[in-house]
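Chemist: The file below is query.cif, mmCIF, C-alpha atoms:
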data_protein
loop_
_atom_site.group_PDB
_atom_site.id
_atom_site.type_symbol
_atom_site.label_atom_id
_atom_site.label_comp_id
_atom_site.auth_asym_id
_atom_site.auth_seq_id
_atom_site.Cartn_x
_atom_site.Cartn_y
_atom_site.Cartn_z
ATOM 1 C CA MET P 12 -26.011 4.514 -34.993
ATOM 2 C CA GLU P 13 -29.049 2.347 -34.822
ATOM 3 C CA LEU P 14 -29.175 -0.428 -32.226
ATOM 4 C CA SER P 15 -29.899 -3.451 -34.301
ATOM 5 C CA LYS P 16 -29.583 -7.052 -33.192
ATOM 6 C CA ARG P 17 -26.417 -7.326 -35.259
ATOM 7 C CA ASN P 18 -24.763 -4.345 -33.532
ATOM 8 C CA ILE P 19 -25.723 -5.594 -30.078
ATOM 9 C CA LEU P 20 -24.414 -9.078 -30.871
ATOM 10 C CA LEU P 21 -21.171 -7.606 -32.210
ATOM 11 C CA PHE P 22 -20.715 -5.486 -29.072
ATOM 12 C CA PHE P 23 -21.195 -8.428 -26.704
ATOM 13 C CA THR P 24 -18.928 -10.657 -28.813
ATOM 14 C CA ILE P 25 -16.113 -8.100 -28.646
ATOM 15 C CA LEU P 26 -16.682 -7.633 -24.903
ATOM 16 C CA PHE P 27 -16.583 -11.410 -24.372
ATOM 17 C CA VAL P 28 -13.322 -11.727 -26.334
ATOM 18 C CA ILE P 29 -11.717 -8.919 -24.285
ATOM 19 C CA ILE P 30 -12.716 -10.618 -21.025
ATOM 20 C CA ILE P 31 -11.360 -13.987 -22.199
ATOM 21 C CA VAL P 32 -8.039 -12.415 -23.266
ATOM 22 C CA PHE P 33 -7.751 -10.711 -19.851
ATOM 23 C CA PHE P 34 -8.285 -13.989 -17.971
ATOM 24 C CA ILE P 35 -5.829 -15.874 -20.171
ATOM 25 C CA ALA P 36 -3.165 -13.188 -19.600
ATOM 26 C CA LYS P 37 -3.772 -13.283 -15.835
ATOM 27 C CA TYR P 38 -3.546 -17.092 -15.804
ATOM 28 C CA ASN P 39 -0.265 -17.033 -17.750
ATOM 29 C CA GLN P 40 1.213 -14.409 -15.392
ATOM 30 C CA THR P 41 0.255 -16.461 -12.322
ATOM 31 C CA LYS P 42 1.666 -19.634 -13.883
ATOM 32 C CA LYS P 43 4.921 -17.833 -14.722
ATOM 33 C CA GLU P 44 5.209 -16.456 -11.161
ATOM 34 C CA TYR P 45 4.727 -19.935 -9.722
ATOM 35 C CA SER P 46 7.133 -21.770 -12.035
ATOM 36 C CA SER P 47 10.038 -19.308 -11.924
ATOM 37 C CA GLU P 48 13.003 -19.336 -9.562
ATOM 38 C CA LEU P 49 14.084 -16.046 -7.988
ATOM 39 C CA ASN P 50 17.164 -15.092 -6.070
ATOM 40 C CA GLY P 51 18.443 -11.615 -5.281
ATOM 41 C CA LYS P 52 19.118 -8.812 -2.873
ATOM 42 C CA VAL P 53 16.415 -6.164 -2.411
ATOM 43 C CA GLU P 54 17.417 -2.740 -3.733
ATOM 44 C CA SER P 55 14.014 -1.062 -3.640
ATOM 45 C CA LEU P 56 10.393 -1.777 -2.679
ATOM 46 C CA ARG P 57 7.090 -0.286 -3.755
ATOM 47 C CA TYR P 58 3.482 -0.923 -2.864
ATOM 48 C CA ILE P 59 1.295 -1.959 -5.762
ATOM 49 C CA GLY P 60 -2.427 -1.769 -6.376
ATOM 50 C CA ARG P 61 -3.375 -5.384 -5.651
ATOM 51 C CA GLY P 62 -4.578 -4.399 -2.208
ATOM 52 C CA ASP P 63 -3.132 -3.334 1.075
ATOM 53 C CA GLY P 64 0.129 -5.058 1.888
ATOM 54 C CA TYR P 65 1.459 -6.135 -1.528
ATOM 55 C CA GLN P 66 5.015 -5.073 -2.351
ATOM 56 C CA GLN P 67 6.936 -5.398 -5.581
ATOM 57 C CA VAL P 68 10.697 -5.899 -5.412
ATOM 58 C CA LYS P 69 13.532 -4.414 -7.431
ATOM 59 C CA PHE P 70 16.697 -6.494 -7.132
ATOM 60 C CA GLU P 71 20.216 -5.075 -7.132
ATOM 61 C CA GLY P 72 21.635 -4.852 -10.633
ATOM 62 C CA GLU P 73 18.236 -4.693 -12.351
ATOM 63 C CA LYS P 74 16.858 -1.610 -14.097
ATOM 64 C CA GLU P 75 13.184 -2.200 -13.319
ATOM 65 C CA PHE P 76 10.983 -3.719 -10.653
ATOM 66 C CA ASN P 77 10.596 -7.467 -11.048
ATOM 67 C CA ALA P 78 7.107 -8.282 -12.338
ATOM 68 C CA LEU P 79 7.432 -11.837 -10.987
ATOM 69 C CA CYS P 80 8.353 -10.839 -7.427
ATOM 70 C CA ILE P 81 5.198 -9.553 -5.759
ATOM 71 C CA ILE P 82 5.057 -10.448 -2.079
ATOM 72 C CA TYR P 83 2.232 -10.108 0.405
ATOM 73 C CA VAL P 84 3.533 -8.628 3.672
ATOM 74 C CA GLY P 85 0.201 -7.526 5.139
ATOM 75 C CA SER P 86 -0.797 -4.126 6.417
ATOM 76 C CA GLU P 87 0.507 -4.507 9.966
ATOM 77 C CA ASN P 88 3.774 -6.347 9.190
ATOM 78 C CA LYS P 89 5.421 -3.787 6.931
ATOM 79 C CA ASP P 90 8.901 -4.512 8.354
ATOM 80 C CA ASP P 91 8.826 -8.157 7.202
ATOM 81 C CA LEU P 92 10.599 -7.088 4.022
ATOM 82 C CA LYS P 93 13.327 -4.426 3.995
ATOM 83 C CA ILE P 94 15.890 -3.023 1.620
ATOM 84 C CA GLY P 95 19.039 -5.144 1.884
ATOM 85 C CA ASP P 96 17.192 -8.408 2.538
ATOM 86 C CA SER P 97 17.982 -11.387 0.346
ATOM 87 C CA ILE P 98 15.091 -13.272 -1.262
ATOM 88 C CA TYR P 99 15.032 -16.824 -2.573
ATOM 89 C CA LYS P 100 12.080 -18.576 -4.230
ATOM 90 C CA GLU P 101 12.277 -22.128 -5.541
ATOM 91 C CA LYS P 102 10.703 -23.193 -8.822
ATOM 92 C CA ASN P 103 7.087 -24.329 -8.508
ATOM 93 C CA SER P 104 6.691 -22.780 -5.078
ATOM 94 C CA GLU P 105 4.697 -19.904 -3.582
ATOM 95 C CA ASP P 106 7.135 -19.424 -0.694
ATOM 96 C CA TYR P 107 9.597 -16.541 -0.659
ATOM 97 C CA GLN P 108 12.351 -17.193 1.861
ATOM 98 C CA ILE P 109 13.635 -13.951 3.358
ATOM 99 C CA TYR P 110 17.199 -13.761 4.680
ATOM 100 C CA ARG P 111 18.320 -10.789 6.766
ATOM 101 C CA GLN P 112 21.823 -9.584 7.503
ATOM 102 C CA ASP P 113 22.862 -9.665 11.161
ATOM 103 C CA SER P 114 25.278 -7.340 12.950
ATOM 104 C CA SER P 115 28.302 -9.397 11.852
ATOM 105 C CA GLY P 116 27.313 -9.145 8.172
ATOM 106 C CA ASN P 117 26.124 -12.731 7.738
ATOM 107 C CA TYR P 118 22.746 -13.558 6.220
ATOM 108 C CA SER P 119 20.479 -15.856 8.183
ATOM 109 C CA PHE P 120 16.953 -17.090 7.574
ATOM 110 C CA TYR P 121 14.391 -14.536 8.809
ATOM 111 C CA LYS P 122 10.933 -15.495 7.564
ATOM 112 C CA THR P 123 8.897 -17.164 4.809
ATOM 113 C CA LEU P 124 6.395 -14.986 2.939
ATOM 114 C CA LYS P 125 3.912 -15.742 0.133
ATOM 115 C CA ASN P 126 2.523 -13.761 -2.765
ATOM 116 C CA LYS P 127 -1.029 -13.970 -1.413
ATOM 117 C CA PRO P 128 -2.647 -13.799 2.025
#
Here is the file; what I need is its structure written in the form of structure tokens.
Modeler:
Amino acid sequence: MELSKRNILLFFTILFVIIIVFFIAKYNQTKKEYSSELNGKVESLRYIGRGDGYQQVKFEGEKEFNALCIIYVGSENKDDLKIGDSIYKEKNSEDYQIYRQDSSGNYSFYKTLKNKP
């Protein structure tokens, strides 16, 4: 294939469109995370590839991990989020309120976490 001006222009146009689509998808995901309300009890946790300290939550009664519940716990505070904790996030908020069960079985406020450092 010969590298003509037309082929080079076509390549960069396609590359530009792919980059724009990626940024639009990322913006929509962030907007959806921010504007949604979440409430549930943690069934499972997994670290994800956003960097050290990001955990994704699977709530009880759900089949898959929740794509909208990604919480930053940091690398040294790994016990800030545990299985059995209850999580509540208001609409239009970045704060995840963590409630932990005490020895008598009652949930009480434990800590507020965010989805970014």
Chemist: Would you mind reading off the distance between CA of Glu44 in chain P and CA of Lys69 in chain P, one decimal, in Å?
Modeler: 15.1 Å
Chemist: Give me the residues near range 70-74 of chain P as a PDB file with C-alpha atoms, in the coordinates of the input, where near means some atom within 6 Å (using only C-alpha atoms) and where sequence neighbours in that chain fewer than 5 positions away do not count.
Modeler:
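part.pdb written:
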ATOM      1  CA  GLY P  51      18.443 -11.615  -5.281  1.00  0.00           C
ATOM      2  CA  LYS P  52      19.118  -8.812  -2.873  1.00  0.00           C
ATOM      3  CA  VAL P  53      16.415  -6.164  -2.411  1.00  0.00           C
ATOM      4  CA  GLU P  54      17.417  -2.740  -3.733  1.00  0.00           C
TER       5      GLU P  54
END
Chemist: Find the distance between CA of Phe120 in chain P and CA of Tyr107 in chain P and write it in Å to one decimal.
Modeler: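 Spanning CA of Phe120 in chain P to CA of Tyr107 in chain P is a straight-line distance of 11.1 Å.
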Chemist: When you draw a straight line from CA of Arg17 in chain P to CA of Ile35 in chain P, how long is it in Å?
Modeler: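 Straight-line distance from CA of Arg17 in chain P to CA of Ile35 in chain P works out to 26.9 Å.
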Chemist: With only C-alpha atoms as the atoms that count, which of P:Phe33, P:Tyr38, P:Phe27, P:Tyr83 lies nearest to Arg57 in chain P?
Modeler: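 Looking at the shortest contact to Arg57 in chain P, the residue is P:Tyr83.
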Chemist: List the spatial neighbours of Gln112 in chain P as a PyMOL selection string - criterion: any atom at most 8 Å away, all atoms listed in the file, same-chain residues fewer than 5 positions off excluded.
Modeler: chain P and resi 95-96+117-119
Chemist: Would you mind telling me which residue in P:Cys80, P:Ile94, P:Ile25, P:Ile19 lies nearest to Gln40 in chain P when using only C-alpha atoms?
Modeler: P:Cys80
Chemist: With the file shown as input, list the residues that the PyMOL selection byres ((chain P and resi 66) around 8) selects, as a list in words.
Modeler: Leu56, Arg57, Tyr58, Ile59, Gly64, Tyr65, Gln67, Val68, Ile81, Ile82, Tyr83 and Val84 of chain P
Chemist: Could you list, as a ChimeraX atom specification, every residue within 9 Å of Asn50 in chain P, counting all atoms listed in the file and ignoring same-chain residues fewer than 3 positions away?
Modeler: /P:70,97-101
Chemist: Output C-alpha atoms of each residue in that selection to a file, as a CSV table (one decimal), keeping the file's coordinate frame.
Modeler:
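The file below, out.csv, is the result:
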chain,number,residue,atom,x,y,z
P,70,PHE,CA,16.7,-6.5,-7.1
P,97,SER,CA,18.0,-11.4,0.3
P,98,ILE,CA,15.1,-13.3,-1.3
P,99,TYR,CA,15.0,-16.8,-2.6
P,100,LYS,CA,12.1,-18.6,-4.2
P,101,GLU,CA,12.3,-22.1,-5.5
Chemist: Looking at only C-alpha atoms, which of P:Leu21, P:Ile31, P:Leu124, P:Ala78 is the one that sits closest to Asp91 in chain P?
Modeler: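 That would be P:Leu124, the residue with the smallest distance to Asp91 in chain P.
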Chemist: What would the list of residues within 8 Å of (10.5, -28.0, -12.9) (file frame) look like as a PDB file with C-alpha atoms, keeping the file's coordinate frame, if only C-alpha atoms are what count?
Modeler:
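Writing done, so here's point.pdb:
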ATOM      1  CA  SER P  46       7.133 -21.770 -12.035  1.00  0.00           C
ATOM      2  CA  LYS P 102      10.703 -23.193  -8.822  1.00  0.00           C
ATOM      3  CA  ASN P 103       7.087 -24.329  -8.508  1.00  0.00           C
TER       4      ASN P 103
END
Chemist: Between P:Leu92, P:Leu49, P:Val28, P:Leu20, which one has atoms that come closest to Lys122 in chain P, using only C-alpha atoms?
Modeler: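 The shortest atom-to-atom distance to Lys122 in chain P comes from P:Leu92.
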